[in-house]
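Undergrad: Shown below is the structure under consideration.
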Amino acid sequence: MTTFKIGGVHPDDNKIYSAGCPITPVDLPKQAIIPLSQHIGAPAVPVVQKGDKVKVGQLIAQAGGFVSAPVHSPVSGTIFKIDSTIDAWGMRMPAIFINVEGDEWDESIDRSEKLNPVCRLSPKEIVEKIQNAGIVGLGGACFPTHVKLTPPPGKKAEVLIVNGVECEPYLTCDHQLMLEKSEEIMVGIEILKKALGIEQAIIGIEKNKPDAIEVMDRLASRRIGVTVLPLNLKYPQGGEKQLIDACIGRQVPSGALPIEVGAVVDNVATIYAVYEAVQKNKPLIDRVMTVTGKSVKKPGNYLVRFGTPLSQVLEVAGGIPADTGKIIGGGPMMGRAMSNVEMPTNKRVSGLLLLPEDESVRPEPQNCIRCAKCVQACPMGLEPYLLSKQSEYGLWDEMEKHNVMDCIECGCCQFTCPSFRPLLDYVRMGKATVGGILRARAASQKK
Amino acid sequence: MENLIVAPAPHAHGNDSVRKNMLNVIIALMPAYILSIVAFGWGALIVSLVSVCSCVLFEYLIARYVLKQEPTICDLSAVLTGLLLAFNLPSNLPIWIVIIGALIAIGVGKMSFGGLGNNPFNPALVGRVFLLISFPVQMTTWPRPLGFAGSYLDAETGATPLAAMKEALKSGDASKIADLDLMSTFTGWLEAGSMGELSVILLLIGGIYLLCTKTITWHIPVSILCSVFVCAGLLYWCGYPGAATPWLHLCTGGVVLGAIFMATDYVTSPMTPWGQIIYGIGIGIIVVVIRTWGAYPEGMSFAILIMNAVVPLLNMYLRPKRFGEVKKEEPKKA
């Protein structure tokens with residue numbers, strides 16, 4: 001069985017609602033709201049002001065540091081204001097508001113559909129171009145890609161692992177991208193291999209996507225050093241650490257990054273964005289996102305410019321069904337439930353899942369029956385029942401000893417629990433507290 | 001627009017429930033249960049129904065009126081305790097003794113610790129051992145399987161295979177067990193016995209059902225059976241006077257019932273794979289020790305209860321394998 005070794009669960013696929021739906025562009029909004037923090041790291045700093053006229057692809061905010069990313073305008077028009085606003089999850093964040101006028105693109109961007117397979121840039125130039133294009137991980141974490149491509153001194157990358165797994169139920173945007181843009185993704189893979197100076201790339205695709213496996217395999221077989229690895233279904237195979245274990249059999253040690261075992265992992269959507277940035281000079285201004293759910297009238301995979309209000313995207317998908325209980329940004333296992341759909345889509349949102357009300361309510365938790373199913377399910381080999389109890393009682397030192405910081409918050413434990421206990425909720429709380437304790441300890445040791 | 005529900009991830013659930021797991025175990029016990037009704041007739045029916053109903057009733061009453069909590073009898077755990085308790089009893093046990101057993105099993109073995117999930121000892125075994133010590137005569141006279149033709153309280157009794165094995169060990173004379181037919185212990189036609197120890201093959205079928213439905217994992221049953229086999233085998237092949245073959249040990253008494261249904265009780269068994277294996281090995285050793293040198297012919301109940309006490313220690317020291325486990329290097333000397 002080609003899959004990761006420890007733990008994992010098998011949620012219902014539910015990809016049927018949007019699988020195979022061709023990528024469809026969504027109309028431009030009337031006003032685009034572009035957050036300054038669409039990535040891990042310092043927020044971007046605006047370089048425009050109210051009244052400025054901008055074109056599509058123009059830089060509107062520069063990176064706030066090395067671990068940060070610039071933000072480019074996804075629309076053309078006039079800057080309305082730079083203000084803070086509430087995002088879809090109720091958090092206050094700074095954003096640039098642009099009144100949309102027409103669709104004028106920056107002249108340097110190549111808008112043709114023709115494949116550009118040749119890259120003559122040096123590795124350093126490639127990384128710089130990716131950095132300047134604001135590329136971040138589009139698998140959900142939004143880690144600035146150029147940081148991944150710059151291994152710290154002493155660490156060497158050996159293999160590029162392409163994440164075509166899309167393990168979250170319901171989501172199909174990566175799948176559709178692999179079917180429609182396979183050539184471009186291949187070129188992107190070659191560009192990244194060149195940037196990292198490595199010979200080998202492995203494309204991991206789960207076996208519930210046989211058409212994608214076939215398409216990518218056909219292209220990979222014509223190249224040297226690119227192989228497709230079909231993987232047995234298991235959630236969370238798309239998690240970085242689990243994918244590395246499944247593809248090359250190495251487990252990233254606790255607290256370390258994938259580069260420690262010589263691996264760099266990138267999502268196929270990110271790699272497509274790399275192709276567009278390096279070969280077409282197009283910065284990251286849009287992405288494919290899945291809109292899906294049992295009651296959604298027109299589920300599918302939609303190409304959306306950042307800054308478009310989510311309500312507009314939902315209208316295109318046939319409106320919000322009457323029985324909707326939750327609107328989730330992302331998939332059902334790790335996505336975040338939204339409170340406000342007037343807010344914009346951005347680099348972080350890979351999909352919209354509308355769950356009916358009867359699936360949105362949690363049953364009452366019961367006593368822990370010590371069945372150990374959470375222990376069996378945890379892909380990091382932790383003991384969720386224990387961590388959750390320790391968190392309830394505030395035993396932070398104990399949690400640290402029991403490796404709570406290794407938790408990847410995948411949700412397998414809570415998914416499995418027959419007593420419907422909110423295991424992950426407590427573990428997350430503990431993780432946040434222990435994280436704070438560790439940071440305080442590190443800061444006091446530096447003095 | 002209607003209000004949206006906001007809650008932390010995950011937003012999906014595997015639809016497992018306590019009730020589903022209890023139901024699976026009850027289903028797995030059905031083949032053996034049906035055989036025991038056919039074999040022991042009215043006695044089996046009465047004892048099992050009284051046991052199940054008393055357990056459910058006591059759990060309801062104690063939860064509602066003593067603990068002042070919402071009763072959870074719908075999760076079927078009391079039903080399962082009642083059934084397993086009945087499996088450990090002779091089918092000619094008077095009703096009042098069965099009721100006392102149920103009261104101790106549920107009241108002391110489970111509810112006194114705070115209900116499901118909080119008890120350290122297997123409730124059915126707590127009830128059974130209490131009855132064994134309080135009513136030794138009634139608890140050690142075993143009816144013969146005469147079906148519905150036999151009577152309930154005046155059932156004809158006989159010697160169980162375990163009693164014969166004990167005799168052989170006491171006297172050092174193996175001829176006493178020479179004519180014990182292994183095949184009949186395997187398929188289920190014993191001279192006499194408790195309701196649950198009749199047919200190894202039907203219990204194994206139930207066990208396979210539990211493994212397929214992922215209700216239990218292989219660690220506990222396999223380690224118990226292997227441990228019993230090895231320990232009994234060592235005695236037998238070293239020529240211990242009167243020792244029975246390891247196969248006979250496996251097929252008699254509550255070994256298979258205990259290995260598959262009693263020791264695998266979620267609440268009282270270890271939480272980690274290695275913990276479960278050591279737990280099973282411990283149970284196997286203790287069973288053979290009690291059977292060989294202890295006062296009782298049957299050791300499974302005591303073995304499980306003793307290892308139940310060790311479980312917290314096993315949970316503490318035998319942790320699951322962590323992802324990316326790296327041995328901490330010795331700090332280099334300057």
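Labels for the structure tokens follow display order: chains A, B, ..., residues from 1 in each chain, ligands from 1.
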Apply DSSP to the structure's backbone, then extract all residues of segment 214-297 of chain A labelled alpha helix (DSSP H) and return them as a list in words.

TA: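 Secondary structure check on segment 214-297 of chain A, alpha helix (DSSP H): Glu214, Val215, Met216, Asp217, Arg218, Leu219, Ala220, Glu240, Lys241, Gln242, Leu243, Ile244, Asp245, Ala246, Cys247, Ile248, Val268, Ala269, Thr270, Ile271, Tyr272, Ala273, Val274, Tyr275, Glu276, Ala277, Val278, Gln279 and Lys280 of chain A.
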
Undergrad: Would you write out those residues with N, CA and C atoms, as a PDB file, in the first residue's frame?

TA:
```pdb
ATOM      1  N   GLU A 214      -3.214   9.500 -15.262  1.00  0.00           N
ATOM      2  CA  GLU A 214      -2.897   9.123 -16.645  1.00  0.00           C
ATOM      3  C   GLU A 214      -2.304  10.289 -17.402  1.00  0.00           C
ATOM      4  N   VAL A 215      -2.934  11.474 -17.273  1.00  0.00           N
ATOM      5  CA  VAL A 215      -2.466  12.657 -18.014  1.00  0.00           C
ATOM      6  C   VAL A 215      -1.057  13.034 -17.579  1.00  0.00           C
ATOM      7  N   MET A 216      -0.834  13.107 -16.288  1.00  0.00           N
ATOM      8  CA  MET A 216       0.482  13.540 -15.787  1.00  0.00           C
ATOM      9  C   MET A 216       1.537  12.485 -16.085  1.00  0.00           C
ATOM     10  N   ASP A 217       1.140  11.207 -16.024  1.00  0.00           N
ATOM     11  CA  ASP A 217       2.101  10.141 -16.277  1.00  0.00           C
ATOM     12  C   ASP A 217       2.572  10.167 -17.722  1.00  0.00           C
ATOM     13  N   ARG A 218       1.624  10.438 -18.618  1.00  0.00           N
ATOM     14  CA  ARG A 218       1.968  10.494 -20.040  1.00  0.00           C
ATOM     15  C   ARG A 218       3.015  11.584 -20.289  1.00  0.00           C
ATOM     16  N   LEU A 219       2.820  12.738 -19.647  1.00  0.00           N
ATOM     17  CA  LEU A 219       3.786  13.827 -19.818  1.00  0.00           C
ATOM     18  C   LEU A 219       5.091  13.533 -19.090  1.00  0.00           C
ATOM     19  N   ALA A 220       4.983  12.941 -17.910  1.00  0.00           N
ATOM     20  CA  ALA A 220       6.185  12.692 -17.117  1.00  0.00           C
ATOM     21  C   ALA A 220       7.087  11.669 -17.804  1.00  0.00           C
ATOM     22  N   GLU A 240       1.972  17.933   4.246  1.00  0.00           N
ATOM     23  CA  GLU A 240       3.367  17.892   3.842  1.00  0.00           C
ATOM     24  C   GLU A 240       4.121  16.691   4.382  1.00  0.00           C
ATOM     25  N   LYS A 241       4.089  16.535   5.702  1.00  0.00           N
ATOM     26  CA  LYS A 241       4.898  15.489   6.330  1.00  0.00           C
ATOM     27  C   LYS A 241       4.422  14.102   5.918  1.00  0.00           C
ATOM     28  N   GLN A 242       3.110  13.925   5.826  1.00  0.00           N
ATOM     29  CA  GLN A 242       2.566  12.630   5.447  1.00  0.00           C
ATOM     30  C   GLN A 242       2.908  12.327   3.989  1.00  0.00           C
ATOM     31  N   LEU A 243       2.862  13.351   3.136  1.00  0.00           N
ATOM     32  CA  LEU A 243       3.137  13.129   1.717  1.00  0.00           C
ATOM     33  C   LEU A 243       4.594  12.722   1.513  1.00  0.00           C
ATOM     34  N   ILE A 244       5.495  13.357   2.254  1.00  0.00           N
ATOM     35  CA  ILE A 244       6.917  13.003   2.145  1.00  0.00           C
ATOM     36  C   ILE A 244       7.123  11.554   2.587  1.00  0.00           C
ATOM     37  N   ASP A 245       6.445  11.170   3.673  1.00  0.00           N
ATOM     38  CA  ASP A 245       6.546   9.788   4.148  1.00  0.00           C
ATOM     39  C   ASP A 245       6.033   8.817   3.097  1.00  0.00           C
ATOM     40  N   ALA A 246       4.917   9.186   2.462  1.00  0.00           N
ATOM     41  CA  ALA A 246       4.317   8.288   1.465  1.00  0.00           C
ATOM     42  C   ALA A 246       5.185   8.183   0.213  1.00  0.00           C
ATOM     43  N   CYS A 247       5.803   9.321  -0.208  1.00  0.00           N
ATOM     44  CA  CYS A 247       6.522   9.323  -1.482  1.00  0.00           C
ATOM     45  C   CYS A 247       7.940   8.791  -1.364  1.00  0.00           C
ATOM     46  N   ILE A 248       8.673   9.200  -0.327  1.00  0.00           N
ATOM     47  CA  ILE A 248      10.071   8.760  -0.249  1.00  0.00           C
ATOM     48  C   ILE A 248      10.377   8.022   1.045  1.00  0.00           C
ATOM     49  N   VAL A 268       0.144  21.623  -6.701  1.00  0.00           N
ATOM     50  CA  VAL A 268       0.094  21.804  -8.164  1.00  0.00           C
ATOM     51  C   VAL A 268      -0.392  23.200  -8.538  1.00  0.00           C
ATOM     52  N   ALA A 269      -1.316  23.765  -7.754  1.00  0.00           N
ATOM     53  CA  ALA A 269      -1.807  25.107  -8.076  1.00  0.00           C
ATOM     54  C   ALA A 269      -0.685  26.127  -7.915  1.00  0.00           C
ATOM     55  N   THR A 270       0.144  25.938  -6.889  1.00  0.00           N
ATOM     56  CA  THR A 270       1.297  26.821  -6.695  1.00  0.00           C
ATOM     57  C   THR A 270       2.237  26.704  -7.886  1.00  0.00           C
ATOM     58  N   ILE A 271       2.456  25.467  -8.345  1.00  0.00           N
ATOM     59  CA  ILE A 271       3.385  25.252  -9.451  1.00  0.00           C
ATOM     60  C   ILE A 271       2.838  25.882 -10.728  1.00  0.00           C
ATOM     61  N   TYR A 272       1.530  25.832 -10.906  1.00  0.00           N
ATOM     62  CA  TYR A 272       0.926  26.495 -12.067  1.00  0.00           C
ATOM     63  C   TYR A 272       1.143  28.003 -11.969  1.00  0.00           C
ATOM     64  N   ALA A 273       0.992  28.537 -10.756  1.00  0.00           N
ATOM     65  CA  ALA A 273       1.226  29.974 -10.556  1.00  0.00           C
ATOM     66  C   ALA A 273       2.690  30.315 -10.833  1.00  0.00           C
ATOM     67  N   VAL A 274       3.607  29.404 -10.482  1.00  0.00           N
ATOM     68  CA  VAL A 274       5.033  29.614 -10.766  1.00  0.00           C
ATOM     69  C   VAL A 274       5.248  29.696 -12.272  1.00  0.00           C
ATOM     70  N   TYR A 275       4.603  28.774 -13.020  1.00  0.00           N
ATOM     71  CA  TYR A 275       4.718  28.805 -14.481  1.00  0.00           C
ATOM     72  C   TYR A 275       4.242  30.152 -15.015  1.00  0.00           C
ATOM     73  N   GLU A 276       3.083  30.587 -14.548  1.00  0.00           N
ATOM     74  CA  GLU A 276       2.519  31.847 -15.053  1.00  0.00           C
ATOM     75  C   GLU A 276       3.423  33.009 -14.703  1.00  0.00           C
ATOM     76  N   ALA A 277       4.024  32.951 -13.516  1.00  0.00           N
ATOM     77  CA  ALA A 277       4.877  34.068 -13.090  1.00  0.00           C
ATOM     78  C   ALA A 277       6.166  34.115 -13.895  1.00  0.00           C
ATOM     79  N   VAL A 278       6.827  32.956 -14.022  1.00  0.00           N
ATOM     80  CA  VAL A 278       8.158  32.928 -14.640  1.00  0.00           C
ATOM     81  C   VAL A 278       8.059  33.017 -16.161  1.00  0.00           C
ATOM     82  N   GLN A 279       7.102  32.322 -16.757  1.00  0.00           N
ATOM     83  CA  GLN A 279       7.024  32.256 -18.216  1.00  0.00           C
ATOM     84  C   GLN A 279       6.112  33.307 -18.832  1.00  0.00           C
ATOM     85  N   LYS A 280       5.142  33.809 -18.052  1.00  0.00           N
ATOM     86  CA  LYS A 280       4.193  34.759 -18.619  1.00  0.00           C
ATOM     87  C   LYS A 280       4.211  36.102 -17.895  1.00  0.00           C
TER      88      LYS A 280
END
```

Undergrad: Dump as an MDAnalysis selection string the residues of chain A that approach chain B to within 6 Å, counting only C-alpha atoms.

TA: chainID A and resid 251:254 325:326 332:334 337 368:372 380:381 411 415:416 418

Undergrad: Tell me, in Å to one decimal, how far atom CA of Pro246 of chain B is from atom CA of Phe229 of chain B.

TA: 5.1 Å

Undergrad: Do you have, as a Markdown table, the list of residues of segment 1-25 of chain B lying at most 10 Å from segment 80-104 of chain B, each with its nearest atom pair and that distance in Å to one decimal, counting only C-alpha atoms and ordered by chain then number?

TA:
```
| residue | atom | partner | partner_atom | distance |
| --- | --- | --- | --- | --- |
| B:Met22 | CA | B:Leu80 | CA | 6.7 |
| B:Leu23 | CA | B:Leu80 | CA | 8.2 |
| B:Val25 | CA | B:Leu80 | CA | 7.6 |
```

Undergrad: Deliver the residues from the most recent selection as a file, using C-alpha atoms, as an mmCIF file, in the first residue's frame.

TA:
```cif
data_model
loop_
_atom_site.group_PDB
_atom_site.id
_atom_site.type_symbol
_atom_site.label_atom_id
_atom_site.label_comp_id
_atom_site.auth_asym_id
_atom_site.auth_seq_id
_atom_site.Cartn_x
_atom_site.Cartn_y
_atom_site.Cartn_z
ATOM 1 C CA MET B 22 -21.660 -1.947 21.446
ATOM 2 C CA LEU B 23 -24.125 -3.231 18.865
ATOM 3 C CA VAL B 25 -20.075 -6.679 19.920
#
```

Undergrad: Determine, counting only C-alpha atoms, which protein, DNA and RNA residues have an atom within 7 Å of an atom of segment 68-81 of chain A; residues of the same chain fewer than 4 positions away are not included. Present the result as a PyMOL selection string.

TA: chain A and resi 36+39-44+49-64+96-104+131-132+134+144+283+285-286+305-306

Undergrad: Atoms to include: N, CA and C atoms. Write the selected residues as a CSV table (one decimal), in the first residue's frame.

TA:
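Full text of again-v2.csv as output:
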```
chain,number,residue,atom,x,y,z
A,36,LEU,N,-4.0,42.8,3.0
A,36,LEU,CA,-2.5,42.9,2.9
A,36,LEU,C,-1.8,41.7,3.5
A,39,HIS,N,-0.8,35.6,3.5
A,39,HIS,CA,0.3,34.7,3.6
A,39,HIS,C,0.8,34.6,5.0
A,40,ILE,N,1.6,33.5,5.2
A,40,ILE,CA,2.3,33.4,6.5
A,40,ILE,C,3.4,34.4,6.5
A,41,GLY,N,3.6,35.1,7.6
A,41,GLY,CA,4.7,36.1,7.7
A,41,GLY,C,4.2,37.5,7.8
A,42,ALA,N,5.1,38.4,7.7
A,42,ALA,CA,4.7,39.8,7.9
A,42,ALA,C,3.7,40.3,6.9
A,43,PRO,N,2.7,41.1,7.2
A,43,PRO,CA,1.8,41.7,6.2
A,43,PRO,C,2.5,42.5,5.2
A,44,ALA,N,2.0,42.7,4.0
A,44,ALA,CA,2.6,43.5,3.0
A,44,ALA,C,2.3,45.0,3.3
A,49,GLN,N,-1.6,54.9,-3.0
A,49,GLN,CA,-2.5,55.6,-2.1
A,49,GLN,C,-3.8,55.9,-2.8
A,50,LYS,N,-4.7,56.5,-2.0
A,50,LYS,CA,-6.1,56.7,-2.5
A,50,LYS,C,-6.0,57.6,-3.7
A,51,GLY,N,-6.8,57.2,-4.7
A,51,GLY,CA,-6.9,58.0,-6.0
A,51,GLY,C,-6.0,57.5,-7.1
A,52,ASP,N,-4.9,56.6,-6.7
A,52,ASP,CA,-4.0,56.1,-7.8
A,52,ASP,C,-4.8,55.2,-8.7
A,53,LYS,N,-4.4,55.3,-10.0
A,53,LYS,CA,-5.0,54.4,-11.0
A,53,LYS,C,-4.0,53.2,-11.1
A,54,VAL,N,-4.6,52.0,-11.1
A,54,VAL,CA,-3.8,50.8,-11.2
A,54,VAL,C,-4.2,49.9,-12.3
A,55,LYS,N,-3.3,49.0,-12.8
A,55,LYS,CA,-3.6,48.1,-13.8
A,55,LYS,C,-3.6,46.7,-13.2
A,56,VAL,N,-4.1,45.7,-14.0
A,56,VAL,CA,-4.1,44.3,-13.5
A,56,VAL,C,-2.6,43.9,-13.4
A,57,GLY,N,-2.2,43.3,-12.3
A,57,GLY,CA,-0.8,42.8,-12.2
A,57,GLY,C,0.1,43.9,-11.6
A,58,GLN,N,-0.3,45.1,-11.4
A,58,GLN,CA,0.6,46.1,-10.8
A,58,GLN,C,0.8,45.9,-9.4
A,59,LEU,N,2.0,46.2,-8.9
A,59,LEU,CA,2.4,46.0,-7.5
A,59,LEU,C,1.6,47.0,-6.7
A,60,ILE,N,0.9,46.6,-5.7
A,60,ILE,CA,0.2,47.6,-4.8
A,60,ILE,C,0.7,47.5,-3.4
A,61,ALA,N,1.4,46.5,-3.0
A,61,ALA,CA,2.0,46.4,-1.7
A,61,ALA,C,3.2,45.5,-1.7
A,62,GLN,N,4.3,46.0,-1.1
A,62,GLN,CA,5.5,45.3,-1.1
A,62,GLN,C,5.6,44.4,0.1
A,63,ALA,N,6.5,43.4,0.0
A,63,ALA,CA,6.7,42.4,1.1
A,63,ALA,C,7.2,43.1,2.3
A,64,GLY,N,6.7,42.6,3.5
A,64,GLY,CA,7.1,43.2,4.7
A,64,GLY,C,8.3,42.6,5.4
A,96,ILE,N,-6.7,46.9,0.9
A,96,ILE,CA,-6.8,48.0,-0.1
A,96,ILE,C,-8.1,47.8,-0.9
A,97,PHE,N,-8.9,48.9,-1.0
A,97,PHE,CA,-10.1,48.8,-1.7
A,97,PHE,C,-10.0,49.5,-3.1
A,98,ILE,N,-10.3,48.8,-4.2
A,98,ILE,CA,-10.2,49.3,-5.5
A,98,ILE,C,-11.5,49.3,-6.2
A,99,ASN,N,-11.9,50.5,-6.7
A,99,ASN,CA,-13.1,50.5,-7.6
A,99,ASN,C,-12.7,50.1,-9.0
A,100,VAL,N,-13.4,49.0,-9.4
A,100,VAL,CA,-13.0,48.4,-10.7
A,100,VAL,C,-13.5,49.2,-11.9
A,101,GLU,N,-12.5,49.5,-12.8
A,101,GLU,CA,-12.9,50.1,-14.1
A,101,GLU,C,-12.2,49.3,-15.2
A,102,GLY,N,-13.0,48.7,-16.0
A,102,GLY,CA,-12.5,47.9,-17.2
A,102,GLY,C,-11.6,46.8,-16.7
A,103,ASP,N,-10.8,46.3,-17.6
A,103,ASP,CA,-9.9,45.1,-17.3
A,103,ASP,C,-8.6,45.3,-18.0
A,104,GLU,N,-7.9,46.4,-17.7
A,104,GLU,CA,-6.6,46.7,-18.3
A,104,GLU,C,-5.4,46.1,-17.6
A,131,GLN,N,9.5,35.4,-6.1
A,131,GLN,CA,9.3,36.2,-4.9
A,131,GLN,C,8.6,37.5,-5.3
A,132,ASN,N,9.0,38.1,-6.4
A,132,ASN,CA,8.4,39.3,-6.9
A,132,ASN,C,7.0,39.2,-7.3
A,134,GLY,N,4.8,37.4,-5.8
A,134,GLY,CA,3.9,37.2,-4.7
A,134,GLY,C,3.4,35.8,-4.6
A,144,PRO,N,5.2,31.6,1.9
A,144,PRO,CA,5.8,32.2,0.7
A,144,PRO,C,6.8,31.2,0.0
A,283,PRO,N,1.8,38.0,-12.2
A,283,PRO,CA,1.9,37.7,-10.7
A,283,PRO,C,0.7,37.0,-10.2
A,285,ILE,N,-2.6,36.7,-9.1
A,285,ILE,CA,-3.8,37.6,-9.0
A,285,ILE,C,-5.1,36.9,-9.0
A,286,ASP,N,-5.0,35.6,-9.3
A,286,ASP,CA,-6.3,34.8,-9.3
A,286,ASP,C,-6.0,33.4,-9.0
A,305,ARG,N,-10.7,36.1,-9.6
A,305,ARG,CA,-9.7,37.1,-9.2
A,305,ARG,C,-9.8,37.4,-7.7
A,306,PHE,N,-8.6,37.6,-7.1
A,306,PHE,CA,-8.7,37.9,-5.7
A,306,PHE,C,-9.4,39.2,-5.5
```

Undergrad: Using DSSP on the backbone coordinates, identify the residues of segment 31-239 of chain B assigned to strand (DSSP E); present them as a list in words.

TA: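 These are the residues in question: Trp142, Pro143, Thr157 and Gly158 of chain B.
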
Undergrad: Go through A:Ile135, A:Leu387, A:Cys412, A:Leu192 one by one, measure the shortest atom-to-atom distance of each to Gly8 of chain A using only C-alpha atoms, and give the residue with the smallest value.

TA: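 Distance minimum relative to Gly8 of chain A lands on A:Cys412.
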
Undergrad: Could you name the residues that touch Ile213 of chain A at 10 Å or less, counting only C-alpha atoms, but leaving out those on the same chain fewer than 3 positions away, as a list in words?

TA: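 Surrounding residues, per the criterion: Gly164, His175, Met178, Leu179, Ile203, Gly204, Ile205, Glu206, Lys207, Asn208, Lys209, Pro210, Met216, Asp217, Arg218, Val228, Leu229, Pro230 and Leu231 of chain A.
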
Undergrad: Using only C-alpha atoms for the distances, tell me which of B:Leu76, B:Ile286, B:Leu250, B:Ile62 is nearest to Pro161 of chain B.

TA: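 Answer, going by the shortest atom-to-atom distance: B:Leu250.
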
Undergrad: Residues at most 12 Å from Val264 of chain A, counting only C-alpha atoms, excluding those fewer than 6 positions away in the same chain, as a short mmCIF file (atom, residue, chain, number, x, y, z; two decimals) with C-alpha atoms, in the first residue's frame?

TA:
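Result file is out_23.cif:
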```
data_model
loop_
_atom_site.label_atom_id
_atom_site.label_comp_id
_atom_site.auth_asym_id
_atom_site.auth_seq_id
_atom_site.Cartn_x
_atom_site.Cartn_y
_atom_site.Cartn_z
CA GLY A 137 1.55 28.03 -1.24
CA THR A 145 7.24 29.93 -1.99
CA HIS A 146 10.56 31.72 -2.43
CA VAL A 147 11.40 30.94 1.21
CA LYS A 148 10.87 27.24 0.50
CA LEU A 149 13.14 27.55 -2.50
CA THR A 150 15.91 29.10 -0.41
CA PRO A 151 17.19 26.30 1.82
CA LYS A 155 20.68 22.03 4.04
CA LYS A 156 20.37 20.61 0.55
CA ALA A 157 17.21 19.75 -1.37
CA GLU A 158 17.22 16.28 -2.97
CA VAL A 159 13.72 15.84 -4.32
CA LEU A 160 10.76 18.02 -5.29
CA ILE A 161 7.47 16.47 -4.26
CA VAL A 162 4.49 17.76 -6.19
CA ASN A 163 1.30 17.67 -4.15
CA ILE A 189 8.00 21.49 -12.23
CA LEU A 192 11.36 24.53 -9.79
CA LYS A 193 13.81 21.68 -10.27
CA ALA A 195 15.67 26.68 -9.11
CA LEU A 196 16.48 24.06 -6.47
CA GLY A 197 19.28 22.46 -8.48
CA ILE A 198 17.85 18.96 -8.20
CA GLN A 200 14.22 14.34 -9.21
CA ALA A 201 10.57 15.29 -8.91
CA ILE A 202 7.80 12.98 -7.70
CA ILE A 203 4.16 13.84 -8.39
CA GLU A 240 3.37 17.89 3.84
CA LYS A 241 4.90 15.49 6.33
CA LEU A 243 3.14 13.13 1.72
CA ILE A 244 6.92 13.00 2.14
CA CYS A 247 6.52 9.32 -1.48
CA ILE A 248 10.07 8.76 -0.25
CA VAL A 252 10.46 14.76 9.01
CA LEU A 257 11.06 21.46 8.26
CA PRO A 258 10.87 19.13 5.21
#
```

Undergrad: So which residues touch Arg428 of chain A within 12 Å, counting only C-alpha atoms, skipping near sequence neighbours fewer than 2 positions away, as an MDAnalysis selection string?

TA: (chainID A and resid 384 387:388 390:392 399 404:411 414 422:426 430:435) or (chainID B and resid 8:10)

Undergrad: With C-alpha atoms retained, could you export that selection as a short mmCIF file (atom, residue, chain, number, x, y, z; two decimals), in the first residue's frame?

TA:
```cif
data_model
loop_
_atom_site.label_atom_id
_atom_site.label_comp_id
_atom_site.auth_asym_id
_atom_site.auth_seq_id
_atom_site.Cartn_x
_atom_site.Cartn_y
_atom_site.Cartn_z
CA PRO A 384 -5.39 13.02 21.41
CA LEU A 387 -3.72 15.86 25.17
CA SER A 388 -7.34 16.95 25.20
CA GLN A 390 -4.46 17.76 29.76
CA SER A 391 -5.62 20.87 27.93
CA GLU A 392 -8.91 20.84 29.84
CA MET A 399 1.32 18.66 26.94
CA VAL A 404 1.51 18.62 21.37
CA MET A 405 3.52 20.98 19.12
CA ASP A 406 3.73 18.15 16.54
CA CYS A 407 -0.03 18.26 16.04
CA ILE A 408 -0.88 19.24 12.44
CA GLU A 409 -4.52 20.01 13.34
CA CYS A 410 -5.79 17.63 10.67
CA GLY A 411 -8.94 16.71 12.59
CA GLN A 414 -12.29 14.44 16.33
CA PRO A 422 -14.16 18.06 20.83
CA LEU A 423 -10.63 16.66 20.92
CA LEU A 424 -9.05 18.96 18.37
CA ASP A 425 -10.63 22.05 19.91
CA TYR A 426 -8.88 21.38 23.21
CA GLY A 430 -3.27 23.72 24.32
CA LYS A 431 -1.05 24.14 21.30
CA ALA A 432 -1.59 27.88 21.27
CA THR A 433 -0.79 28.17 24.99
CA VAL A 434 2.24 25.90 24.84
CA GLY A 435 3.45 27.76 21.73
CA PRO B 8 -14.06 25.14 14.54
CA ALA B 9 -12.89 22.43 12.14
CA PRO B 10 -13.35 19.52 11.56
#
```

Undergrad: What lies within 7 Å of Phe186 of chain B using only C-alpha atoms, ignoring chain neighbours under 3 positions off, as a ChimeraX atom specification?

TA: /B:182-183,199-201,251

Undergrad: Please dump the current selection as an mmCIF file, in the first residue's frame; keep C-alpha atoms.

TA:
```
data_model
loop_
_atom_site.group_PDB
_atom_site.id
_atom_site.type_symbol
_atom_site.label_atom_id
_atom_site.label_comp_id
_atom_site.auth_asym_id
_atom_site.auth_seq_id
_atom_site.Cartn_x
_atom_site.Cartn_y
_atom_site.Cartn_z
ATOM 1 C CA LEU B 182 -10.573 -31.412 21.654
ATOM 2 C CA MET B 183 -12.942 -31.204 18.730
ATOM 3 C CA SER B 199 -18.139 -23.161 21.246
ATOM 4 C CA VAL B 200 -14.751 -21.789 20.370
ATOM 5 C CA ILE B 201 -15.529 -21.717 16.678
ATOM 6 C CA CYS B 251 -10.338 -24.318 23.891
#
```
